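Novice: Below you'll find final-v9.cif; it's mmCIF, C-alpha atoms and all ligand atoms.
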data_input
loop_
_atom_site.label_atom_id
_atom_site.label_comp_id
_atom_site.auth_asym_id
_atom_site.auth_seq_id
_atom_site.Cartn_x
_atom_site.Cartn_y
_atom_site.Cartn_z
CA MET A 1 14.54 -30.25 225.66
CA LYS A 2 16.47 -27.66 227.71
CA LYS A 3 16.57 -28.03 231.50
CA ILE A 4 15.63 -24.89 233.41
CA LEU A 5 15.87 -24.39 237.15
CA ILE A 6 13.26 -22.08 238.67
CA ILE A 7 14.49 -20.45 241.87
CA ALA A 8 11.47 -19.11 243.75
CA THR A 9 12.19 -16.38 246.31
CA GLY A 10 8.76 -14.82 246.92
CA GLY A 11 7.39 -11.41 245.88
CA THR A 12 3.95 -10.38 244.70
CA ILE A 13 3.95 -13.19 242.15
CA ALA A 14 3.77 -15.68 245.06
CA SER A 15 1.55 -13.56 247.27
CA THR A 16 -1.85 -14.41 248.63
CA PRO A 17 -4.14 -12.10 250.61
CA GLY A 18 -3.96 -12.41 254.38
CA GLY A 19 -5.38 -10.41 257.27
CA ASP A 20 -2.49 -7.90 257.11
CA GLY A 21 -2.31 -7.57 253.32
CA LEU A 22 -0.49 -9.44 250.56
CA ALA A 23 2.37 -11.70 251.60
CA PRO A 24 4.25 -14.49 249.81
CA GLY A 25 2.25 -17.70 250.33
CA LEU A 26 2.53 -19.86 247.18
CA THR A 27 5.53 -22.14 246.73
CA GLY A 28 7.59 -22.27 243.56
CA GLU A 29 6.03 -25.62 242.68
CA GLU A 30 2.55 -24.10 242.98
CA LEU A 31 3.58 -21.14 240.82
CA ALA A 32 4.95 -23.40 238.09
CA ALA A 33 1.72 -25.45 238.18
CA TYR A 34 -0.23 -22.33 237.18
CA VAL A 35 1.61 -22.36 233.84
CA PRO A 36 1.28 -25.92 232.46
CA GLU A 37 2.48 -24.59 229.06
CA LEU A 38 6.02 -24.61 230.51
CA ALA A 39 6.12 -28.35 229.87
CA ASP A 40 5.95 -27.63 226.11
CA ILE A 41 9.15 -25.60 226.09
CA ALA A 42 11.39 -26.90 228.89
CA GLN A 43 12.04 -29.53 231.47
CA VAL A 44 11.53 -27.48 234.62
CA GLU A 45 12.63 -28.10 238.19
CA VAL A 46 11.97 -25.79 241.14
CA VAL A 47 13.90 -24.87 244.28
CA GLN A 48 12.87 -22.44 246.99
CA PRO A 49 15.74 -20.91 248.97
CA MET A 50 13.39 -18.35 250.59
CA ASN A 51 9.83 -17.03 250.30
CA ILE A 52 9.95 -13.33 251.15
CA ASP A 53 8.74 -9.93 250.05
CA SER A 54 11.71 -8.46 248.19
CA THR A 55 11.52 -5.44 250.48
CA ASN A 56 13.25 -7.73 252.97
CA MET A 57 15.92 -8.97 250.55
CA ARG A 58 19.46 -8.27 251.79
CA PRO A 59 22.92 -8.73 250.26
CA ALA A 60 23.25 -12.05 252.11
CA ASP A 61 20.17 -13.22 250.19
CA TRP A 62 21.77 -12.19 246.87
CA VAL A 63 24.71 -14.42 247.78
CA ALA A 64 22.31 -17.24 248.73
CA ILE A 65 20.59 -16.98 245.32
CA SER A 66 23.94 -16.93 243.57
CA ARG A 67 25.06 -20.03 245.48
CA THR A 68 21.81 -21.80 244.57
CA ILE A 69 22.50 -21.08 240.90
CA MET A 70 26.15 -22.09 241.05
CA GLY A 71 25.34 -25.25 243.05
CA ALA A 72 23.17 -26.42 240.13
CA TYR A 73 25.10 -24.73 237.30
CA GLU A 74 26.36 -27.88 235.59
CA ASP A 75 22.97 -29.63 235.73
CA PHE A 76 20.83 -26.97 234.03
CA ASP A 77 20.86 -24.95 230.80
CA GLY A 78 19.33 -21.82 232.30
CA PHE A 79 17.96 -20.29 235.48
CA VAL A 80 14.79 -18.29 236.22
CA VAL A 81 14.65 -16.43 239.53
CA LEU A 82 11.14 -15.53 240.69
CA HIS A 83 11.50 -12.36 242.75
CA GLY A 84 9.55 -9.38 244.07
CA THR A 85 9.67 -6.37 241.79
CA ASP A 86 10.57 -3.76 244.41
CA THR A 87 14.24 -4.68 244.72
CA MET A 88 14.59 -6.86 241.63
CA ALA A 89 16.84 -4.30 239.90
CA TYR A 90 19.30 -4.49 242.83
CA THR A 91 19.31 -8.30 242.82
CA ALA A 92 19.76 -8.42 239.04
CA ALA A 93 22.72 -6.05 239.32
CA ALA A 94 24.17 -7.98 242.26
CA LEU A 95 23.91 -11.32 240.42
CA SER A 96 25.64 -9.67 237.44
CA TYR A 97 28.68 -9.00 239.68
CA LEU A 98 28.52 -12.26 241.64
CA ILE A 99 28.29 -14.44 238.50
CA GLN A 100 30.17 -12.63 235.72
CA GLY A 101 30.12 -13.58 232.08
CA SER A 102 27.70 -16.49 232.45
CA PRO A 103 27.25 -18.34 229.15
CA LYS A 104 24.03 -19.76 230.61
CA PRO A 105 21.14 -17.33 230.98
CA ILE A 106 20.08 -16.18 234.44
CA VAL A 107 16.67 -14.52 234.13
CA LEU A 108 14.80 -12.65 236.86
CA THR A 109 11.08 -12.11 236.76
CA GLY A 110 8.08 -11.49 238.96
CA SER A 111 4.78 -9.69 238.55
CA GLN A 112 2.76 -6.67 239.55
CA GLN A 113 -0.27 -8.84 240.37
CA PRO A 114 -0.30 -12.16 242.25
CA MET A 115 -0.36 -15.38 240.25
CA ALA A 116 -3.85 -16.26 241.54
CA ASN A 117 -5.35 -12.95 240.34
CA PRO A 118 -7.43 -13.67 237.19
CA PHE A 119 -5.98 -10.59 235.43
CA THR A 120 -2.40 -11.22 236.49
CA ASP A 121 0.76 -10.55 234.50
CA ALA A 122 2.44 -13.41 236.36
CA ARG A 123 1.63 -16.26 233.98
CA LEU A 124 2.99 -14.47 230.92
CA ASN A 125 6.11 -13.21 232.72
CA LEU A 126 6.93 -16.70 233.97
CA TYR A 127 6.32 -18.28 230.57
CA GLN A 128 8.34 -15.66 228.69
CA SER A 129 11.21 -15.90 231.17
CA VAL A 130 11.48 -19.66 230.77
CA LEU A 131 11.22 -19.22 226.99
CA TYR A 132 14.06 -16.70 227.03
CA ALA A 133 16.15 -18.94 229.30
CA THR A 134 15.84 -21.81 226.80
CA ASP A 135 17.14 -19.80 223.83
CA ASP A 136 20.65 -20.53 222.54
CA LEU A 137 21.47 -16.84 222.13
CA SER A 138 20.51 -15.90 225.70
CA ARG A 139 23.26 -15.46 228.28
CA ASP A 140 24.26 -13.45 231.35
CA VAL A 141 21.85 -11.88 233.83
CA THR A 142 18.69 -10.25 232.50
CA ILE A 143 15.22 -9.27 233.68
CA VAL A 144 12.33 -10.46 231.51
CA PHE A 145 9.22 -8.51 232.38
CA GLY A 146 6.21 -7.20 230.48
CA GLY A 147 7.56 -8.53 227.20
CA GLN A 148 10.89 -6.71 227.55
CA VAL A 149 14.32 -8.18 228.11
CA ILE A 150 16.49 -5.80 230.17
CA VAL A 151 20.19 -6.27 230.87
CA GLY A 152 20.66 -7.07 234.58
CA THR A 153 22.75 -3.98 235.33
CA ARG A 154 20.47 -1.57 233.50
CA ALA A 155 17.06 -2.03 235.11
CA HIS A 156 15.14 0.47 237.20
CA LYS A 157 11.67 -0.01 238.64
CA GLN A 158 9.81 2.96 237.18
CA ARG A 159 6.15 2.13 237.83
CA THR A 160 4.46 0.82 240.96
CA MET A 161 1.35 -0.64 239.28
CA SER A 162 1.56 -0.90 235.49
CA PHE A 163 2.62 -4.17 233.91
CA ASN A 164 5.63 -2.50 232.23
CA ALA A 165 7.18 -1.90 235.65
CA PHE A 166 10.81 -1.62 234.53
CA ASN A 167 12.79 0.72 232.35
CA SER A 168 16.13 -0.03 230.78
CA VAL A 169 18.37 2.91 231.68
CA ASN A 170 20.88 4.22 229.14
CA PHE A 171 21.03 0.95 227.27
CA PRO A 172 18.93 -0.71 224.52
CA LEU A 173 16.82 -3.79 225.10
CA PRO A 174 18.65 -6.88 223.85
CA ALA A 175 15.29 -8.39 222.89
CA ILE A 176 11.57 -8.20 223.23
CA ILE A 177 9.15 -11.11 223.35
CA ARG A 178 6.20 -10.86 221.04
CA ALA A 179 3.55 -13.41 220.12
CA GLY A 180 5.50 -16.21 221.78
CA ARG A 181 8.75 -15.39 219.96
CA ILE A 182 11.99 -13.75 221.00
CA VAL A 183 12.76 -10.79 218.76
CA ARG A 184 16.39 -9.67 219.06
CA ASP A 185 17.72 -6.32 217.97
CA GLY A 186 14.78 -5.52 215.76
CA GLY A 187 14.67 -9.05 214.46
CA VAL A 188 18.15 -9.52 212.99
CA GLY A 189 18.69 -12.41 215.39
CA MET A 190 21.99 -11.31 216.89
CA ALA A 191 22.92 -11.88 220.51
CA LEU A 192 23.61 -8.80 222.61
CA GLY A 193 27.30 -9.61 222.89
CA ASP A 194 27.63 -9.39 219.10
CA ILE A 195 26.28 -5.87 218.92
CA TRP A 196 27.44 -4.44 222.25
CA PRO A 197 30.64 -6.19 223.22
CA ASP A 198 31.62 -5.61 226.82
CA GLY A 199 34.77 -3.67 227.66
CA ALA A 200 38.25 -5.13 227.47
CA GLY A 201 38.23 -6.00 231.19
CA ASP A 202 35.22 -8.27 230.94
CA VAL A 203 35.54 -12.01 231.34
CA ALA A 204 35.50 -14.45 228.48
CA SER A 205 32.15 -16.13 228.06
CA SER A 206 33.12 -19.57 226.83
CA ALA A 207 35.29 -20.35 229.84
CA GLY A 208 32.28 -20.32 232.18
CA PRO A 209 31.39 -17.63 234.67
CA LEU A 210 33.70 -15.88 237.07
CA VAL A 211 32.09 -16.34 240.48
CA TYR A 212 32.38 -14.21 243.62
CA ASP A 213 30.64 -14.50 246.97
CA ARG A 214 31.84 -11.64 249.12
CA LEU A 215 30.08 -8.29 249.37
CA ASN A 216 30.68 -5.35 251.69
CA GLU A 217 27.28 -4.05 252.86
CA ARG A 218 28.61 -0.81 254.33
CA VAL A 219 27.51 1.23 251.31
CA ILE A 220 24.94 4.03 251.43
CA VAL A 221 23.25 6.16 248.76
CA LEU A 222 23.21 9.88 249.50
CA ARG A 223 21.03 12.12 247.37
CA LEU A 224 21.97 15.79 247.35
CA THR A 225 19.14 18.19 248.15
CA PRO A 226 19.40 22.00 248.12
CA GLY A 227 20.90 23.25 251.39
CA LEU A 228 22.17 19.87 252.60
CA SER A 229 25.08 20.31 255.00
CA PRO A 230 28.39 18.68 254.08
CA ARG A 231 28.61 17.68 257.76
CA VAL A 232 26.61 14.64 256.65
CA PHE A 233 29.92 13.06 255.56
CA ASP A 234 31.17 13.17 259.18
CA LEU A 235 27.94 11.60 260.39
CA LEU A 236 28.30 8.70 257.94
CA ALA A 237 32.04 8.08 258.33
CA GLY A 238 31.76 5.71 261.31
CA ASP A 239 29.09 3.44 259.87
CA PHE A 240 29.84 3.32 256.15
CA ASP A 241 32.84 2.51 253.95
CA ALA A 242 31.35 3.95 250.77
CA ILE A 243 28.88 6.55 249.60
CA VAL A 244 27.16 6.52 246.23
CA LEU A 245 26.49 10.24 245.85
CA GLU A 246 23.61 11.28 243.61
CA THR A 247 24.67 14.74 242.43
CA PHE A 248 22.55 17.35 240.64
CA GLY A 249 22.24 17.24 236.86
CA ILE A 250 25.31 16.22 234.90
CA GLY A 251 27.39 16.25 238.10
CA GLY A 252 26.71 19.39 240.14
CA ILE A 253 27.92 19.43 243.76
CA PRO A 254 27.26 22.68 245.66
CA GLU A 255 29.90 24.82 247.30
CA TYR A 256 28.26 27.00 249.99
CA GLU A 257 29.96 29.81 251.88
CA ARG A 258 31.39 28.36 255.12
CA ALA A 259 30.18 24.86 254.21
CA SER A 260 32.52 23.20 251.76
CA PHE A 261 31.45 20.00 250.08
CA GLU A 262 34.80 19.92 248.34
CA ARG A 263 36.63 19.78 251.67
CA ALA A 264 34.21 17.20 253.11
CA ILE A 265 34.47 15.00 250.01
CA PHE A 266 38.26 15.17 249.80
CA ASP A 267 38.50 14.38 253.55
CA TRP A 268 36.18 11.41 252.98
CA VAL A 269 38.39 9.84 250.32
CA GLU A 270 41.68 10.87 251.99
CA SER A 271 40.57 9.03 255.14
CA GLY A 272 40.28 5.79 253.13
CA HIS A 273 36.55 5.89 252.38
CA THR A 274 35.16 5.21 248.93
CA LEU A 275 33.03 7.68 246.99
CA ALA A 276 31.23 6.92 243.75
CA LEU A 277 29.56 9.83 241.99
CA THR A 278 26.41 9.56 239.93
CA THR A 279 23.51 11.81 239.05
CA GLN A 280 19.98 11.90 240.38
CA VAL A 281 18.73 12.49 236.84
CA SER A 282 17.49 9.17 235.56
CA GLU A 283 18.86 9.27 232.01
CA GLU A 284 22.10 10.05 230.16
CA GLY A 285 24.54 9.93 233.07
CA LEU A 286 27.30 11.98 234.60
CA ASP A 287 30.02 14.14 233.02
CA LEU A 288 32.05 16.12 235.53
CA GLY A 289 34.14 17.76 232.84
CA VAL A 290 31.36 20.07 231.70
CA TYR A 291 31.23 22.70 234.49
CA GLU A 292 34.05 24.48 236.28
CA VAL A 293 32.65 23.36 239.65
CA GLY A 294 33.03 19.71 238.67
CA ARG A 295 36.66 19.83 237.50
CA ALA A 296 38.33 19.26 240.89
CA TYR A 297 36.30 16.08 241.33
CA ALA A 298 36.88 14.98 237.74
CA GLU A 299 40.64 15.23 238.19
CA ASN A 300 40.79 13.35 241.51
CA ALA A 301 41.37 9.68 240.64
CA ASP A 302 40.31 8.58 244.15
CA ILE A 303 36.77 9.71 243.37
CA LEU A 304 35.01 7.04 241.31
CA LYS A 305 32.83 8.21 238.42
CA GLY A 306 29.61 6.31 237.81
CA ASP A 307 29.31 7.50 234.19
CA ASP A 308 25.92 6.30 232.91
CA MET A 309 25.39 3.48 235.42
CA THR A 310 22.17 3.05 237.40
CA THR A 311 22.22 3.73 241.13
CA GLU A 312 21.16 0.12 241.68
CA ALA A 313 24.17 -1.16 239.76
CA LEU A 314 26.48 1.31 241.50
CA VAL A 315 25.36 0.09 244.91
CA ALA A 316 25.88 -3.57 243.96
CA LYS A 317 29.17 -2.91 242.17
CA THR A 318 30.60 -0.90 245.07
CA MET A 319 29.57 -3.66 247.51
CA TRP A 320 31.22 -6.22 245.24
CA ALA A 321 34.43 -4.23 244.66
CA LEU A 322 34.84 -3.46 248.39
CA GLY A 323 34.03 -7.09 249.19
CA GLN A 324 37.13 -8.17 247.26
CA SER A 325 39.69 -5.71 248.63
CA LYS A 326 40.31 -2.73 250.88
CA ASP A 327 43.14 -1.51 248.65
CA PRO A 328 41.84 1.60 246.82
CA GLU A 329 43.79 0.72 243.68
CA VAL A 330 42.24 -2.75 243.47
CA VAL A 331 38.80 -1.30 244.23
CA ARG A 332 39.28 1.25 241.44
CA GLU A 333 40.34 -1.43 238.96
CA LEU A 334 37.29 -3.57 239.78
CA PHE A 335 34.97 -0.55 239.75
CA TYR A 336 35.99 0.49 236.23
CA ARG A 337 35.73 -3.02 234.81
CA THR A 338 32.78 -3.22 232.45
CA VAL A 339 30.56 -6.05 233.66
CA ASN A 340 27.36 -7.14 231.91
CA HIS A 341 27.22 -3.87 229.91
CA ASP A 342 26.94 -1.83 233.13
CA ARG A 343 28.70 1.32 231.93
CA ASN A 344 29.57 3.27 228.88
CA PRO A 345 32.60 5.34 229.84
CA ARG A 346 32.70 8.98 228.71
N1 LIG A 401 6.53 -5.82 247.55
C1 LIG A 401 6.60 -6.79 246.46
C2 LIG A 401 8.01 -7.32 246.42
O1 LIG A 401 8.88 -6.64 245.95
C3 LIG A 401 6.24 -6.12 245.19
C4 LIG A 401 6.24 -6.99 243.98
O2 LIG A 401 6.72 -8.11 243.95
O3 LIG A 401 5.73 -6.53 242.93
O4 LIG A 401 8.24 -8.42 246.88
#
How does the structure come out when it is put into structure tokens?
Ligand code: ASP
Specialist:
Amino acid sequence: MKKILIIATGGTIASTPGGDGLAPGLTGEELAAYVPELADIAQVEVVQPMNIDSTNMRPADWVAISRTIMGAYEDFDGFVVLHGTDTMAYTAAALSYLIQGSPKPIVLTGSQQPMANPFTDARLNLYQSVLYATDDLSRDVTIVFGGQVIVGTRAHKQRTMSFNAFNSVNFPLPAIIRAGRIVRDGGVGMALGDIWPDGAGDVASSAGPLVYDRLNERVIVLRLTPGLSPRVFDLLAGDFDAIVLETFGIGGIPEYERASFERAIFDWVESGHTLALTTQVSEEGLDLGVYEVGRAYAENADILKGDDMTTEALVAKTMWALGQSKDPEVVRELFYRTVNHDRNPR
């Protein structure tokens, strides 16, 4: 029987009602005890590096989770991280960059309702996650939630209450779980890597994962809104090394009379800051080549293009790339590496 390590970190799944509202109260051991059926499919052990609402999860916690996994990597066949849903997409992306090309599955799950709620989604999500983590074809970082398997760099929390909380953005589901069975790629039984091989820069899977543990937290997301002043770049320059800029549509950045975004953006990158462009439209991604106004940005190699990546993955990837080097050329090389299916270049 496969050995699976459950890493409990808190979230609604572990929450119990208190005087001030729901807060994580159950331990990982208590959560696992709610699903005795786990004993039929795996030999499960539990660790608890933290017990927090994922609202309070920080990059240092992502590194702590990664270290917990790597500290036990040789002793287990798969890992299931129990996590709050609110920032799960960020953690899944971050783990994809911290532990790259893992031949052993690292699955994140949680629930919209606490485990102790009689109508909870927690029991099924935990069971299905352990089931997925025991399968020979499973690998890399994924989220298993509401019967869907979502690649760790492609998740976005789309719903605050419904049990299908997550969408997979710009990428197909590698599998669904139906009637206690894993159904891959419409049932043909192939692993994701067989149908969607990662880019040439990705790490080989059989050699074991490529592990990192440094992140640069000085990354901010800036969403353009009509009339926003480009002076915002000056305001951010002292406190941040990188901006992930959510442009309009397929890549629109305004150019107002006497308020030049182009100047502000070029100054930002010329002064050694990093800029990654994406779109605030949730599906289909960025293409700066389409409109005349986007050309100058498209042609500037210092401006990183997020293509069809999620904002969550862009934040984690920029933190990871800047955590490895300050050299813009190295950062660019890391940024454009395809990791865990995170981008489809134009
Ligand atoms: N606030 C909770 C959390 O993210 C929500 C949840 O788990 O569903 O920890």
Novice: Using only C-alpha atoms and all ligand atoms, which protein or nucleic acid residues are at most 6 Å from ligand LIG 401 (chain A), as a ChimeraX atom specification?
Specialist: /A:11-12,53-55,84-87,111-112
Novice: What gap, in Å, lies between CA of Leu131 in chain A and CA of Ile41 in chain A?
Specialist: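 Here the two named atoms are 6.8 Å from each other.
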Novice: To one decimal place, how far is CA of Lys2 in chain A from CA of Ile150 in chain A in Å?
Specialist: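 CA of Lys2 in chain A sits 22.0 Å away from CA of Ile150 in chain A.
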Novice: Can you pull out every residue within 12 Å of Pro328 in chain A, counting all atoms listed in the file, but drop anything in the same chain fewer than 3 positions away, and send it as a list of chain:residue names?
Specialist: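 Residues near the query, excluding close chain neighbours: A:Asp241, A:Ala242, A:Val269, A:Glu270, A:Ser271, A:Gly272, A:His273, A:Thr274, A:Leu275, A:Ala301, A:Asp302, A:Ile303, A:Leu304, A:Thr318, A:Ala321, A:Leu322, A:Gly323, A:Gln324, A:Ser325, A:Val331, A:Arg332, A:Glu333, A:Leu334, A:Phe335.
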Novice: Just the number, please: distance in Å from CA of Asn344 in chain A to CA of Asp307 in chain A, one decimal.
Specialist: 6.8 Å
Novice: For each of A:Ile13, A:Val151, A:Leu236, A:Ile52, take the minimum atom-to-atom distance to Thr120 in chain A, counting all atoms listed in the file, then give the residue where this is smallest.
Specialist: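 When distances to Thr120 in chain A are compared using all atoms listed in the file, the smallest one comes from A:Ile13.
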Novice: Which one is closest to Ala72 in chain A: A:Leu126, A:Ala89, A:Ile99, A:Leu5? Count all atoms listed in the file.
Specialist: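 The answer is A:Leu5, which sits nearest to Ala72 in chain A.
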Novice: Near Ala33 in chain A, counting all atoms listed in the file, which residues have an atom at most 12 Å away, once you skip same-chain residues fewer than 5 positions from it, shown as a list in words?
Specialist: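 Everything that qualifies: Leu26, Thr27, Gly28, Leu38, Ala39, Val44, Glu45, Val46, Met115, Ala116, Arg123, Leu126 and Tyr127 of chain A.
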Novice: Distance cut-off 9 Å, centre (15.2, -5.6, 226.2) in file coordinates, counting only C-alpha atoms: which residues qualify? Return them as a ChimeraX atom specification.
Specialist: /A:142-144,147-151,168,171-177,184-185
Novice: Would you please work out which residue, of A:Leu124, A:Val141, A:Met50, A:Ile182, is nearest to Gly25 in chain A when using all atoms listed in the file?
Specialist: A:Met50
Novice: For Lys3 in chain A, which residue out of A:Asp40, A:Asp135, A:Asp77, A:Asp20 is the nearest one, using only C-alpha atoms?
Specialist: A:Asp77
Novice: Taking only C-alpha atoms into account, name the residue in A:Val81, A:Val130, A:Ala23, A:Leu286 that is nearest to Gln43 in chain A.
Specialist: A:Val130
Novice: Give the answer as one residue: which of A:Ile106, A:Ala42, A:Met88, A:Ile7 has the shortest atom-to-atom distance to Lys157 in chain A, using all atoms listed in the file?
Specialist: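 Residue with the minimum atom-to-atom distance to Lys157 in chain A: A:Met88.
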Novice: What's around Pro226 in chain A at 10 Å? Count only C-alpha atoms, leave out sequence neighbours fewer than 5 positions away in its own chain, and write the answer as a list in words.
Specialist: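 Result of the neighbour search: Phe248, Ile253 and Pro254 of chain A.
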Novice: Please provide the set of residues having any atom within 12 Å of Pro209 in chain A, restricted to only C-alpha atoms, with same-chain residues fewer than 2 positions apart removed, written as a VMD selection string.
Specialist: chain A and resid 66 69 to 70 73 to 74 95 to 106 139 to 141 202 to 207 211 to 212 339 to 340
Novice: Please, what is the axis-aligned box for every listed atom of range 89-105 of chain A with 5 Å on each side, as centre and edge lengths in Å to one decimal, as lines of an AutoDock Vina configuration file?
Specialist:
center_x = 23.5
center_y = -12.0
center_z = 236.0
size_x = 23.3
size_y = 25.5
size_z = 23.7
